[in-house]
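S.K.: Here it is: the structure, laid out below.
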Amino acid sequence: MANKYKGEVALVVGEKTYILDLSFNAMCHLEDHFDKGIIEIGQMLSDMQSDPTKLRAKTIRAVLWGAMIEHQPGVTEKEAGRVVSEAGFAKVFKALTDALLAANPDASDNEGGGGPSLEAQEDGTTKAS
């Protein structure tokens, strides 16, 4: 069962439940995979949500893989792609958006763990708020 207080999100596909968790280790895997910082990866997802012409299937599959590795050890990107095929793109994208938000809760959200929120600055740095 997913624990929202730990930033986990459940993705139910048929009779199987996958726990998505963009933990620190998962974020590191994604940074290595994309050769980008986690803020840039989050911005890519945000851009895809606001402008469907920027949607990339490979990006969604890779982010899903990253979110799955903490609780489904040994999962491959190919297996993550099968999950997208079975669940549907919209359902997976929503779950990933929820997982990304859960991984970086707003500091004022008492239920989200109370961690700092990161904001990208124009000079390329990040600022915790």
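Convention: chains lettered A, B, ... in structure tokens order; per-chain residue numbering from 1; ligands numbered from 1 as shown.
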If we count only C-alpha atoms and set the cut-off at 6 Å, which residues sit around segment 53-69 of chain A, ignoring sequence neighbours fewer than 6 positions away in its own chain? Please answer as a list of chain:residue names.
M.R.: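 Here the qualifying residues turn out to be A:Leu20, A:Asp21, A:Leu22, A:Ala26, A:Leu30, A:Glu77, A:Ala80, A:Gly81.
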S.K.: For the selection you just gave me, I'd like the residues written to a file as a compact mmCIF listing (two decimals), in the first residue's frame, keeping N, CA and C atoms.
M.R.:
```txt
# COMPACT_ATOMS: atom_id res chain seq x y z
N LEU A 20 4.66 3.86 -6.78
CA LEU A 20 5.55 4.83 -7.41
C LEU A 20 6.12 5.71 -6.32
N ASP A 21 7.41 5.95 -6.40
CA ASP A 21 8.10 6.72 -5.37
C ASP A 21 9.29 7.40 -6.00
N LEU A 22 9.22 8.71 -6.12
CA LEU A 22 10.36 9.45 -6.64
C LEU A 22 11.27 9.82 -5.48
N ALA A 26 15.78 7.43 -6.61
CA ALA A 26 15.11 7.42 -7.90
C ALA A 26 15.43 8.68 -8.69
N LEU A 30 17.20 9.06 -12.38
CA LEU A 30 16.63 9.85 -13.48
C LEU A 30 17.60 10.93 -13.95
N GLU A 77 13.10 -0.62 -18.04
CA GLU A 77 12.32 0.37 -18.80
C GLU A 77 11.31 -0.33 -19.70
N ALA A 80 8.40 -1.10 -17.66
CA ALA A 80 7.66 0.14 -17.42
C ALA A 80 6.81 0.50 -18.64
N GLY A 81 7.35 0.27 -19.82
CA GLY A 81 6.59 0.51 -21.05
C GLY A 81 5.36 -0.37 -21.13
```
S.K.: What is the distance, in Å and to one decimal place, between atom CA of Gly88 of chain A and atom CA of Asp35 of chain A?
M.R.: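 Between these atoms lies a distance of 26.9 Å.
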S.K.: So that I can check the surroundings of Ala87 of chain A, please list as a list in words every protein, DNA and RNA residue that reaches within 9 Å of it, counting only C-alpha atoms and ignoring chain neighbours fewer than 3 positions away.
M.R.: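 Counting only C-alpha atoms, the residues come to Leu11, Val12, Val13, Gly14, Arg82, Val83, Val84, Ala90, Lys91 and Val92 of chain A.
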S.K.: In terms of the shortest atom-to-atom distance over only C-alpha atoms, which of A:Ser85, A:Asn3, A:Gln43, A:Asn104 is closest to His71 of chain A?
M.R.: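 Smallest separation from His71 of chain A among the options: A:Asn3.
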S.K.: I'd like to know which of A:Met44, A:Ile19, A:Cys28, A:Ile38 is closest to Lys4 of chain A, using only C-alpha atoms.
M.R.: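 Checking each candidate against Lys4 of chain A, we get A:Ile19 as the closest.
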S.K.: What residues in segment 4-60 of chain A get the DSSP label strand (DSSP E or B)? Please answer as number ranges by chain.
M.R.: A: 8-13, 16-21
